[in-house]
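Novice: Provided herewith: work.txt, compact mmCIF, C-alpha atoms.
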# COMPACT_ATOMS: atom_id res chain seq x y z
CA MET S 774 21.66 -137.36 -12.35
CA VAL S 775 22.08 -134.31 -14.56
CA SER S 776 24.99 -134.92 -16.90
CA LEU S 777 28.01 -132.63 -17.01
CA LYS S 778 27.22 -131.65 -20.61
CA LEU S 779 23.70 -130.52 -19.71
CA GLN S 780 25.12 -128.73 -16.69
CA ILE S 781 27.51 -126.72 -18.90
CA ILE S 782 24.78 -125.93 -21.44
CA LEU S 783 22.48 -124.75 -18.65
CA LEU S 784 25.18 -122.62 -17.08
CA LEU S 785 26.23 -121.00 -20.37
CA GLY S 786 22.60 -120.43 -21.41
CA SER S 787 21.57 -118.80 -18.17
CA LEU S 788 24.73 -116.67 -17.99
CA VAL S 789 24.15 -115.36 -21.52
CA GLY S 790 20.52 -114.70 -20.62
CA PHE S 791 21.59 -112.89 -17.48
CA PHE S 792 23.97 -110.56 -19.34
CA ILE S 793 21.44 -109.80 -22.07
CA LEU S 794 18.98 -108.93 -19.33
CA ILE S 795 21.43 -106.60 -17.55
CA ASN S 796 22.35 -104.94 -20.81
CA LEU S 797 18.70 -104.31 -21.75
CA ILE S 798 17.98 -102.75 -18.39
CA ARG S 799 21.13 -100.64 -18.68
CA LYS S 800 19.88 -99.31 -22.02
CA TYR S 801 16.42 -98.56 -20.58
CA THR S 802 14.81 -100.92 -23.13
CA LEU S 803 13.33 -103.30 -20.59
CA GLU S 804 11.18 -101.88 -17.86
CA LEU S 805 12.30 -102.84 -14.37
CA LYS S 806 8.76 -103.93 -13.50
CA TYR S 807 8.89 -106.80 -16.01
CA SER S 808 12.58 -107.53 -15.61
CA ILE S 809 12.33 -108.66 -11.98
CA LEU S 810 10.51 -111.83 -12.97
CA TRP S 811 13.23 -112.66 -15.50
CA PHE S 812 15.93 -111.84 -12.97
CA ILE S 813 14.53 -114.44 -10.61
CA VAL S 814 14.31 -116.98 -13.44
CA THR S 815 17.89 -116.49 -14.62
CA ILE S 816 19.37 -116.44 -11.13
CA LEU S 817 17.50 -119.61 -10.22
CA SER S 818 18.76 -121.35 -13.34
CA ILE S 819 22.34 -120.27 -12.62
CA ILE S 820 22.11 -121.67 -9.11
CA LEU S 821 20.61 -124.90 -10.42
CA ALA S 822 23.31 -125.20 -13.09
CA ILE S 823 26.08 -124.83 -10.51
CA PHE S 824 24.50 -127.19 -7.97
CA PRO S 825 22.78 -129.92 -9.97
CA LYS S 826 22.40 -131.92 -6.75
CA LEU S 827 19.46 -129.64 -6.06
CA PHE S 828 17.62 -131.33 -8.94
CA THR S 829 17.92 -134.69 -7.28
CA TYR S 830 16.55 -133.16 -4.12
CA ILE S 831 13.67 -131.38 -5.88
CA SER S 832 12.71 -134.41 -7.96
CA HIS S 833 12.73 -136.51 -4.81
CA ILE S 834 10.32 -134.07 -3.12
CA MET S 835 8.06 -134.01 -6.18
CA GLY S 836 8.10 -137.78 -6.53
CA ILE S 837 9.77 -137.76 -9.96
CA GLU S 838 12.29 -140.50 -10.69
CA LEU S 839 14.58 -138.71 -13.13
CA PRO S 840 15.94 -135.29 -12.06
CA VAL S 841 15.92 -134.16 -15.73
CA ASN S 842 12.15 -134.58 -15.81
CA ALA S 843 11.82 -132.30 -12.81
CA LEU S 844 13.86 -129.74 -14.74
CA PHE S 845 11.50 -129.99 -17.75
CA LEU S 846 8.37 -129.78 -15.63
CA LEU S 847 9.58 -126.74 -13.72
CA THR S 848 10.69 -124.98 -16.91
CA LEU S 849 7.28 -125.63 -18.47
CA LEU S 850 5.39 -124.34 -15.44
CA GLY S 851 7.58 -121.24 -15.27
CA THR S 852 7.01 -120.54 -18.97
CA ILE S 853 3.24 -120.88 -18.59
CA MET S 854 3.26 -118.48 -15.66
CA ILE S 855 5.25 -115.89 -17.60
CA MET S 856 2.99 -116.31 -20.66
CA PHE S 857 -0.10 -115.81 -18.56
CA SER S 858 1.27 -112.66 -16.99
CA LEU S 859 1.97 -111.40 -20.51
CA THR S 860 -1.63 -112.10 -21.59
CA LEU S 861 -2.76 -110.14 -18.57
CA GLU S 862 -0.54 -107.20 -19.52
CA VAL S 863 -1.76 -107.31 -23.15
CA SER S 864 -5.39 -107.20 -21.98
CA LYS S 865 -4.69 -104.24 -19.77
CA SER S 866 -2.85 -102.45 -22.57
CA THR S 867 -5.70 -103.15 -25.02
CA ILE S 868 -8.18 -101.50 -22.67
CA LYS S 869 -5.87 -98.54 -22.19
CA ILE S 870 -5.35 -98.10 -25.93
CA LYS S 871 -9.12 -98.21 -26.49
CA GLU S 872 -9.77 -95.57 -23.86
CA LEU S 873 -6.98 -93.36 -25.26
CA SER S 874 -8.22 -93.67 -28.85
CA GLN S 875 -11.75 -92.73 -27.84
CA GLU S 876 -10.49 -89.77 -25.88
CA ILE S 877 -8.25 -88.60 -28.74
CA GLY S 878 -11.10 -88.92 -31.25
CA ILE S 879 -13.47 -86.85 -29.11
CA LEU S 880 -10.82 -84.25 -28.24
CA ARG S 881 -9.82 -83.82 -31.89
CA TYR S 882 -13.46 -83.27 -32.84
CA GLU S 883 -13.94 -80.70 -30.10
CA LEU S 884 -10.69 -78.94 -31.00
CA GLU S 885 -11.78 -78.63 -34.62
CA LYS S 886 -15.15 -77.26 -33.54
CA MET S 887 -13.43 -74.65 -31.35
CA LYS S 888 -11.06 -73.69 -34.15
CA GLU S 889 -14.00 -73.14 -36.49
CA LYS S 890 -15.78 -71.00 -33.90
CA ASP S 891 -12.62 -68.98 -33.37
CA HIS S 892 -12.19 -68.54 -37.09
CA SER S 893 -15.74 -67.32 -37.69
CA LYS S 894 -15.45 -64.94 -34.74
CA LYS S 895 -12.35 -63.34 -36.24
CA GLU S 896 -14.02 -62.91 -39.61
CA SER S 897 -17.10 -61.19 -38.20
CA MET U 947 -39.63 -80.65 -22.04
CA ASN U 948 -36.52 -80.07 -24.08
CA LYS U 949 -34.43 -83.19 -23.85
CA LYS U 950 -31.08 -83.16 -25.60
CA ILE U 951 -30.95 -86.11 -27.97
CA LEU U 952 -27.87 -87.50 -29.68
CA VAL U 953 -27.89 -89.88 -32.63
CA ILE U 954 -24.72 -92.01 -32.60
CA ILE U 955 -23.78 -93.35 -36.02
CA PRO U 956 -20.91 -95.85 -35.92
CA ALA U 957 -19.40 -96.06 -39.40
CA TYR U 958 -16.73 -98.27 -40.85
CA ASN U 959 -16.21 -97.85 -44.60
CA GLU U 960 -19.63 -96.33 -45.20
CA GLU U 961 -18.74 -93.56 -47.66
CA ASN U 962 -21.73 -94.40 -49.88
CA ASN U 963 -24.38 -94.71 -47.18
CA LEU U 964 -23.80 -91.76 -44.88
CA GLU U 965 -25.13 -88.95 -47.05
CA GLY U 966 -28.58 -90.53 -47.48
CA LEU U 967 -28.78 -91.43 -43.79
CA ILE U 968 -27.89 -87.92 -42.62
CA LYS U 969 -30.38 -86.42 -45.07
CA SER U 970 -33.23 -88.51 -43.70
CA ILE U 971 -32.25 -87.74 -40.10
CA LYS U 972 -32.27 -84.03 -40.90
CA SER U 973 -35.66 -84.35 -42.61
CA LEU U 974 -37.17 -85.40 -39.25
CA GLY U 975 -36.90 -81.72 -38.34
CA ASN U 976 -36.49 -82.30 -34.59
CA PRO U 977 -34.62 -79.25 -33.19
CA ASN U 978 -33.37 -81.14 -30.12
CA LEU U 979 -31.81 -83.83 -32.24
CA GLU U 980 -28.07 -83.76 -32.82
CA PHE U 981 -26.08 -86.45 -34.53
CA ILE U 982 -22.49 -87.56 -34.62
CA VAL U 983 -20.70 -90.04 -36.86
CA ILE U 984 -18.03 -92.18 -35.25
CA ASN U 985 -15.59 -93.03 -38.02
CA ASP U 986 -13.85 -96.18 -36.82
CA CYS U 987 -10.65 -95.53 -38.76
CA SER U 988 -12.24 -96.39 -42.12
CA SER U 989 -9.92 -97.25 -44.96
CA ASP U 990 -12.21 -95.62 -47.54
CA ARG U 991 -13.14 -91.95 -47.91
CA THR U 992 -15.61 -91.84 -45.00
CA ALA U 993 -13.64 -89.10 -43.21
CA PHE U 994 -13.42 -87.03 -46.38
CA VAL U 995 -17.14 -87.45 -47.17
CA CYS U 996 -18.06 -86.30 -43.66
CA LYS U 997 -15.78 -83.29 -43.89
CA SER U 998 -17.01 -82.17 -47.29
CA LEU U 999 -20.68 -82.58 -46.32
CA ASP U 1000 -20.05 -80.85 -42.99
CA ILE U 1001 -21.23 -83.82 -40.95
CA PRO U 1002 -19.98 -83.79 -37.34
CA VAL U 1003 -17.55 -86.68 -37.13
CA VAL U 1004 -15.21 -88.18 -34.55
CA ASN U 1005 -12.32 -89.80 -36.39
CA LEU U 1006 -10.80 -92.54 -34.26
CA PRO U 1007 -7.01 -92.86 -34.57
CA CYS U 1008 -7.13 -96.66 -34.70
CA ASN U 1009 -9.78 -99.26 -35.47
CA LEU U 1010 -11.59 -100.23 -32.27
CA GLY U 1011 -14.39 -102.40 -33.65
CA ILE U 1012 -18.11 -101.71 -33.31
CA GLY U 1013 -18.16 -101.81 -29.50
CA GLY U 1014 -15.33 -99.32 -29.07
CA ALA U 1015 -16.79 -97.04 -31.74
CA VAL U 1016 -20.27 -96.98 -30.22
CA GLN U 1017 -18.83 -96.41 -26.77
CA THR U 1018 -17.04 -93.33 -28.09
CA GLY U 1019 -20.48 -91.98 -28.95
CA TYR U 1020 -21.76 -92.75 -25.46
CA LYS U 1021 -18.74 -91.04 -23.93
CA TYR U 1022 -19.43 -87.99 -26.06
CA ALA U 1023 -23.08 -88.05 -24.99
CA TYR U 1024 -21.98 -88.36 -21.38
CA HIS U 1025 -19.52 -85.42 -21.51
CA HIS U 1026 -21.99 -83.17 -23.31
CA HIS U 1027 -24.92 -83.94 -21.01
CA PHE U 1028 -27.28 -85.52 -23.48
CA ASP U 1029 -30.46 -86.97 -22.00
CA ILE U 1030 -31.05 -89.56 -24.68
CA ALA U 1031 -28.71 -91.39 -27.05
CA ILE U 1032 -29.80 -93.35 -30.11
CA GLN U 1033 -27.62 -95.81 -31.99
CA VAL U 1034 -28.21 -95.98 -35.73
CA ASP U 1035 -25.95 -98.12 -37.92
CA GLY U 1036 -24.12 -96.22 -40.65
CA ASP U 1037 -25.02 -98.78 -43.29
CA GLY U 1038 -28.58 -97.63 -43.95
CA GLN U 1039 -30.26 -100.71 -42.39
CA HIS U 1040 -32.05 -98.62 -39.81
CA LYS U 1041 -34.67 -96.15 -40.94
CA PRO U 1042 -34.53 -92.80 -39.14
CA GLN U 1043 -38.32 -92.36 -39.34
CA TYR U 1044 -38.56 -94.77 -36.38
CA ILE U 1045 -36.45 -92.51 -34.17
CA GLU U 1046 -39.53 -90.74 -32.83
CA ASP U 1047 -41.15 -94.10 -31.94
CA ILE U 1048 -38.02 -95.47 -30.38
CA ILE U 1049 -37.51 -92.56 -27.98
CA GLN U 1050 -41.19 -92.39 -26.98
CA PRO U 1051 -40.90 -94.94 -24.11
CA LEU U 1052 -37.85 -93.02 -22.84
CA LEU U 1053 -39.67 -89.69 -22.87
CA GLU U 1054 -42.53 -91.28 -20.93
CA ASP U 1055 -39.95 -92.89 -18.61
CA ASN U 1056 -41.27 -96.39 -19.19
CA ALA U 1057 -37.90 -97.85 -20.12
CA ASP U 1058 -34.16 -97.29 -19.79
CA LEU U 1059 -33.20 -98.95 -23.07
CA VAL U 1060 -35.45 -99.30 -26.09
CA ILE U 1061 -34.58 -101.77 -28.85
CA GLY U 1062 -35.99 -101.57 -32.36
CA SER U 1063 -36.97 -105.16 -33.18
CA ARG U 1064 -37.59 -106.71 -36.59
CA TYR U 1065 -39.35 -109.71 -35.12
CA ILE U 1066 -42.36 -108.23 -33.37
CA LYS U 1067 -44.37 -107.49 -36.50
CA LYS U 1068 -42.12 -109.60 -38.70
CA GLU U 1069 -42.22 -107.10 -41.54
CA GLY U 1070 -39.50 -105.85 -43.84
CA PHE U 1071 -36.05 -107.37 -44.17
CA GLN U 1072 -35.85 -110.39 -41.85
CA SER U 1073 -32.18 -111.36 -42.33
CA THR U 1074 -30.96 -114.71 -43.62
CA PHE U 1075 -32.15 -118.05 -42.22
CA LEU U 1076 -28.89 -118.87 -40.45
CA ARG U 1077 -28.68 -115.41 -38.92
CA ARG U 1078 -32.26 -115.84 -37.65
CA VAL U 1079 -31.32 -119.16 -36.03
CA GLY U 1080 -28.48 -117.42 -34.22
CA ILE U 1081 -30.67 -114.52 -33.13
CA SER U 1082 -33.39 -116.80 -31.74
CA TYR U 1083 -30.69 -118.73 -29.87
CA PHE U 1084 -29.48 -115.54 -28.15
CA SER U 1085 -33.07 -114.57 -27.50
CA LYS U 1086 -33.69 -117.89 -25.71
CA LEU U 1087 -30.43 -117.66 -23.78
CA LEU U 1088 -31.34 -114.19 -22.54
CA LEU U 1089 -34.89 -115.31 -21.73
CA PHE U 1090 -33.45 -118.13 -19.63
CA LEU U 1091 -30.99 -115.88 -17.80
CA THR U 1092 -33.01 -112.70 -17.36
CA GLY U 1093 -36.61 -113.90 -17.58
CA GLN U 1094 -37.42 -111.33 -20.24
CA LEU U 1095 -38.11 -112.11 -23.88
CA ILE U 1096 -36.01 -109.93 -26.18
CA THR U 1097 -37.06 -110.80 -29.71
CA ASP U 1098 -34.16 -109.06 -31.48
CA PRO U 1099 -31.14 -109.07 -29.12
CA THR U 1100 -28.62 -108.37 -31.89
CA SER U 1101 -30.40 -105.25 -33.13
CA GLY U 1102 -28.10 -102.24 -33.17
CA PHE U 1103 -31.02 -99.84 -33.47
CA ARG U 1104 -31.41 -98.75 -29.88
CA ALA U 1105 -32.06 -95.74 -27.70
CA CYS U 1106 -31.31 -95.19 -24.05
CA ASN U 1107 -31.69 -92.61 -21.29
CA ARG U 1108 -29.11 -90.75 -19.20
CA LYS U 1109 -28.72 -93.57 -16.68
CA VAL U 1110 -27.72 -96.04 -19.37
CA ILE U 1111 -25.50 -93.48 -21.14
CA GLU U 1112 -23.52 -93.19 -17.91
CA LEU U 1113 -23.21 -96.97 -17.63
CA PHE U 1114 -22.22 -97.43 -21.26
CA ALA U 1115 -19.68 -94.60 -21.09
CA LYS U 1116 -18.04 -96.44 -18.23
CA ARG U 1117 -18.22 -99.95 -19.62
CA TYR U 1118 -19.34 -101.36 -22.95
CA PRO U 1119 -18.59 -104.79 -24.44
CA VAL U 1120 -16.00 -104.84 -27.20
CA ASP U 1121 -16.53 -107.14 -30.17
CA TYR U 1122 -20.20 -108.02 -30.67
CA PRO U 1123 -21.71 -105.88 -27.97
CA GLU U 1124 -25.50 -105.92 -28.37
CA PRO U 1125 -26.66 -109.16 -26.69
CA GLU U 1126 -24.05 -108.85 -23.93
CA SER U 1127 -25.03 -105.28 -23.17
CA ILE U 1128 -28.66 -106.37 -22.65
CA MET U 1129 -27.51 -108.87 -20.04
CA TYR U 1130 -25.34 -106.16 -18.49
CA LEU U 1131 -28.32 -103.79 -18.16
CA LYS U 1132 -30.71 -106.45 -16.89
CA ARG U 1133 -28.14 -107.43 -14.26
CA ASN U 1134 -28.20 -103.82 -13.11
CA SER U 1135 -32.01 -104.10 -12.94
CA LEU U 1136 -32.72 -101.58 -15.67
CA ARG U 1137 -35.79 -101.71 -17.88
CA VAL U 1138 -35.39 -102.95 -21.44
CA PHE U 1139 -38.25 -102.48 -23.87
CA GLU U 1140 -38.77 -103.39 -27.52
CA ILE U 1141 -40.73 -101.64 -30.21
CA PRO U 1142 -41.49 -102.98 -33.70
CA VAL U 1143 -39.47 -101.53 -36.59
CA THR U 1144 -38.72 -102.63 -40.13
CA MET U 1145 -35.20 -102.73 -41.42
CA GLU U 1146 -33.67 -102.44 -44.85
CA HIS U 1147 -31.27 -104.71 -46.59
CA ARG U 1148 -27.86 -103.08 -46.30
CA ALA U 1149 -27.71 -100.28 -48.87
CA ASN U 1150 -24.03 -100.69 -49.78
CA GLY U 1151 -21.01 -102.52 -48.46
CA VAL U 1152 -20.73 -105.77 -46.56
CA SER U 1153 -21.82 -106.86 -43.08
CA SER U 1154 -19.12 -107.14 -40.47
CA ILE U 1155 -20.20 -110.70 -39.60
CA THR U 1156 -19.14 -113.26 -42.20
CA SER U 1157 -20.17 -116.92 -42.10
CA LEU U 1158 -16.71 -117.99 -41.02
CA LYS U 1159 -16.75 -115.67 -38.07
CA SER U 1160 -20.27 -116.58 -36.99
CA VAL U 1161 -19.28 -119.72 -35.08
CA TYR U 1162 -16.70 -117.74 -33.17
CA TYR U 1163 -19.35 -115.08 -32.61
CA MET U 1164 -21.84 -117.57 -31.14
CA ILE U 1165 -19.30 -119.05 -28.74
CA LYS U 1166 -17.79 -115.75 -27.69
CA VAL U 1167 -21.08 -113.95 -27.07
CA SER U 1168 -22.55 -116.94 -25.21
CA ALA U 1169 -19.52 -117.03 -22.95
CA ALA U 1170 -19.67 -113.26 -22.47
CA ILE U 1171 -23.36 -113.39 -21.51
CA LEU U 1172 -22.85 -116.30 -19.12
CA ILE U 1173 -19.85 -114.69 -17.45
CA ASP U 1174 -21.72 -111.44 -17.12
CA LYS U 1175 -24.61 -113.24 -15.41
CA PHE U 1176 -22.24 -114.23 -12.62
CA ARG U 1177 -20.67 -110.83 -12.12
CA LYS U 1178 -21.39 -109.48 -8.70
CA GLU U 1179 -20.46 -105.82 -8.74
CA LEU U 1180 -22.90 -103.41 -10.31
CA VAL U 1181 -20.76 -101.80 -12.99
Re-express the file's structure as C-alpha cells.
Specialist:
Amino acid sequence: MVSLKLQIILLLGSLVGFFILINLIRKYTLELKYSILWFIVTILSIILAIFPKLFTYISHIMGIELPVNALFLLTLLGTIMIMFSLTLEVSKSTIKIKELSQEIGILRYELEKMKEKDHSKKES
Amino acid sequence: MNKKILVIIPAYNEENNLEGLIKSIKSLGNPNLEFIVINDCSSDRTAFVCKSLDIPVVNLPCNLGIGGAVQTGYKYAYHHHFDIAIQVDGDGQHKPQYIEDIIQPLLEDNADLVIGSRYIKKEGFQSTFLRRVGISYFSKLLLFLTGQLITDPTSGFRACNRKVIELFAKRYPVDYPEPESIMYLKRNSLRVFEIPVTMEHRANGVSSITSLKSVYYMIKVSAAILIDKFRKELV
C-alpha cells in the first residue's frame, strides 16, 4: 500500500508542478507543443495521488509485489521518454542552427560584395 | 571548355597561414579559378587578415566545426553554379600546385570525387605513426564495405564535380566528415578516384585532432560509416 505520507507528498508535488506549468504557459515562456506532455504527466500524478488504490491495481497487472515499486518504475520510464524526446529536439535544433549559420554567412558575404559594387558605381 | 572552379578553404584560427596559401593559389594563374575562405568563427584575427588582404571570406556567426564549414563552401558553390569545387585546408598542409592534377580526372569526366592521397607514392609528410594506423584502419573498413581501396580516406584535399556539389550542399557529415562522406558517395554509386600528392607538415597552429579525441574519433566515424552503409534512401 502507498502510505498516507507519500500520498500527501505526491499530491502536493504534482499540484505545485501543475500550477508552475499553467503559469509558464500563461506567460508564454513554455511552448504549448512541449507543455502537453507535461500536462499529461502532472494530471496523471494528481489522479494517482488522490486514488492510490490505482497503484495496487497497476502493480498487480505488471506483476510487481509492492505498489511503490510500480510507482518508481513508471516514473523512471516516463523520465526516460521525456529525456529522449528532448534529445530528439536538440538534434533537430542543432541541424537548424547549422543551416541558419551557413545561410547567414553566405548572405553576409554577398551583401558586402553588393555594397562594394554599389559604392564603386557611385564613385565612377 | 570554361568550367567555373571554386577553391573552398575552411579556416579556423589560421591567421598566419592564409596569406601564403592565397598567394600560391593566385600564382597558378588559372582565370577560371575562384577561391573563398570559410572562417569558422575563429577566435584569432583570421577575419581581419582576410579583410585587410581583400580575400573573399564567409564569416560564420558561430563555430560549426570542419564539416559545417566545408558544407558552407559547397552551398556557396551550389548557389553560384560552380562546376568544380576543391577543398584545400587553411593550414598550409595542402600544396596548391596539385590543384591542376586533382581536377584533371573531373575535367575528363573519369571521376566524381578526386582525393589527393599521401600514400600512393608515399612521399613527403606521412603523418605520425598512430595517425597512420588510424588511417589504414578506415581504409580497410571502407575497402570491406565499398569494395574500393581508398589509401587516404581522411585526406581533406579533394575536388568534386557538380553532381557531388549538389549532394554535399544538401547533406554533409558534421564532425570528422571525410571518411564518412566517401561512404556516402559510394552508396550513391558515384566514382571516387585518388591521385598521388605530397603534403606539408602544418605550417603554423595545431591540428584539430588531439590524441585524447582520437579514440572518440575512431569510434564515432566507424559508427557513422557503418550506419551510412545501411541507409536506404539515396540522399
Novice: To one decimal place, how far is atom CA of Thr860 of chain S from atom CA of Glu1124 of chain U in Å?
Specialist: 25.6 Å
Novice: Could you work out which residues of chain S fall inside 12 Å of chain U? Count only C-alpha atoms, and format the result as JSON, numbers by chain.
Specialist: {"S": [867, 868, 869, 870, 871, 872, 873, 874, 875, 876, 877, 878, 879, 880, 881, 882, 883, 884, 885, 886, 889]}
Novice: Could you save those same residues with C-alpha atoms as an mmCIF file, in the frame of the given file?
Specialist:
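The resulting file, again-v4.cif, is shown below:
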data_model
loop_
_atom_site.group_PDB
_atom_site.id
_atom_site.type_symbol
_atom_site.label_atom_id
_atom_site.label_comp_id
_atom_site.auth_asym_id
_atom_site.auth_seq_id
_atom_site.Cartn_x
_atom_site.Cartn_y
_atom_site.Cartn_z
ATOM 1 C CA THR S 867 -5.700 -103.150 -25.020
ATOM 2 C CA ILE S 868 -8.180 -101.500 -22.670
ATOM 3 C CA LYS S 869 -5.870 -98.540 -22.190
ATOM 4 C CA ILE S 870 -5.350 -98.100 -25.930
ATOM 5 C CA LYS S 871 -9.120 -98.210 -26.490
ATOM 6 C CA GLU S 872 -9.770 -95.570 -23.860
ATOM 7 C CA LEU S 873 -6.980 -93.360 -25.260
ATOM 8 C CA SER S 874 -8.220 -93.670 -28.850
ATOM 9 C CA GLN S 875 -11.750 -92.730 -27.840
ATOM 10 C CA GLU S 876 -10.490 -89.770 -25.880
ATOM 11 C CA ILE S 877 -8.250 -88.600 -28.740
ATOM 12 C CA GLY S 878 -11.100 -88.920 -31.250
ATOM 13 C CA ILE S 879 -13.470 -86.850 -29.110
ATOM 14 C CA LEU S 880 -10.820 -84.250 -28.240
ATOM 15 C CA ARG S 881 -9.820 -83.820 -31.890
ATOM 16 C CA TYR S 882 -13.460 -83.270 -32.840
ATOM 17 C CA GLU S 883 -13.940 -80.700 -30.100
ATOM 18 C CA LEU S 884 -10.690 -78.940 -31.000
ATOM 19 C CA GLU S 885 -11.780 -78.630 -34.620
ATOM 20 C CA LYS S 886 -15.150 -77.260 -33.540
ATOM 21 C CA GLU S 889 -14.000 -73.140 -36.490
#
Novice: Please provide the set of residues having any atom within 12 Å of Leu817 of chain S, restricted to only C-alpha atoms, with same-chain residues fewer than 6 positions apart removed, written as number ranges by chain.
Specialist: S: 783-784, 787-788, 790-791, 810-811, 823-825, 827-828, 844, 847-848, 851
Novice: Neighbouring residues of Ile1001 of chain U were defined as those with any atom within 10 Å, considering only C-alpha atoms; residues of the same chain fewer than 4 positions away were excluded. Please report them as a list in words.
Specialist: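 Using only C-alpha atoms, the neighbours found are Leu964, Glu965, Ile968, Phe981, Ile982, Val983, Ala993, Val995, Cys996 and Lys997 of chain U.
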Novice: Quick one: residues within 12 Å of Asn963 of chain U, all atoms listed in the file, excluding same-chain residues fewer than 2 positions away - as a list in words?
Specialist: Ile955, Pro956, Ala957, Tyr958, Asn959, Glu960, Glu961, Glu965, Gly966, Leu967, Ile968, Lys969, Ser970, Val983, Arg991, Thr992, Val995, Cys996, Asp1035, Gly1036, Asp1037, Gly1038, Gln1039, His1040, Arg1148, Ala1149, Asn1150, Gly1151 and Val1152 of chain U
Novice: Just the number, please: distance in Å from atom CA of Ile1032 of chain U to atom CA of Tyr1130 of chain U, one decimal.
Specialist: 17.9 Å
Novice: Can you tell me how far atom CA of Leu1089 of chain U sits from atom CA of Met1129 of chain U, in Å to one decimal?
Specialist: 9.9 Å
Novice: If you take every atom of segment 1071-1087 of chain U that the file lists and fit an axis-aligned box around them with 4 Å extra on each side, what centre and edge lengths come out in Å to one decimal, as AutoDock Vina command-line options?
Specialist:
--center_x -32.3 --center_y -113.3 --center_z -34.0 --size_x 15.6 --size_y 19.8 --size_z 28.4
Novice: Excluding Ile855 of chain S and residues on its chain fewer than 2 positions from it, collect all residues at most 12 Å away from it, counting only C-alpha atoms, and give them as a PyMOL selection string.
Specialist: chain S and resi 807-811+813-814+848-853+857-862
Novice: Excluding Ile1081 of chain U and its own-chain neighbours fewer than 5 positions away, which residues fall within 10 Å of it when counting only C-alpha atoms? Please give them as an mmCIF file with C-alpha atoms, in the frame of the given file.
Specialist:
data_model
loop_
_atom_site.group_PDB
_atom_site.id
_atom_site.type_symbol
_atom_site.label_atom_id
_atom_site.label_comp_id
_atom_site.auth_asym_id
_atom_site.auth_seq_id
_atom_site.Cartn_x
_atom_site.Cartn_y
_atom_site.Cartn_z
ATOM 1 C CA SER U 1073 -32.180 -111.360 -42.330
ATOM 2 C CA PHE U 1075 -32.150 -118.050 -42.220
ATOM 3 C CA LEU U 1076 -28.890 -118.870 -40.450
ATOM 4 C CA LYS U 1086 -33.690 -117.890 -25.710
ATOM 5 C CA LEU U 1087 -30.430 -117.660 -23.780
ATOM 6 C CA ILE U 1096 -36.010 -109.930 -26.180
ATOM 7 C CA THR U 1097 -37.060 -110.800 -29.710
ATOM 8 C CA ASP U 1098 -34.160 -109.060 -31.480
ATOM 9 C CA PRO U 1099 -31.140 -109.070 -29.120
ATOM 10 C CA THR U 1100 -28.620 -108.370 -31.890
ATOM 11 C CA SER U 1101 -30.400 -105.250 -33.130
ATOM 12 C CA PRO U 1125 -26.660 -109.160 -26.690
ATOM 13 C CA MET U 1164 -21.840 -117.570 -31.140
#
Novice: Would you please work out which residue, of U:Glu1146, U:Asp990, U:Glu1126, U:Asp1029, is nearest to Phe1084 of chain U when using all atoms listed in the file?
Specialist: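 Nearest to Phe1084 of chain U: U:Glu1126.
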Novice: Calculated over all atoms listed in the file, which of the candidates U:Lys949, U:Arg1177, U:Lys972, U:Arg1133 has the smallest distance to Gln1094 of chain U?
Specialist: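 Closest to Gln1094 of chain U, using all atoms listed in the file: U:Arg1133.
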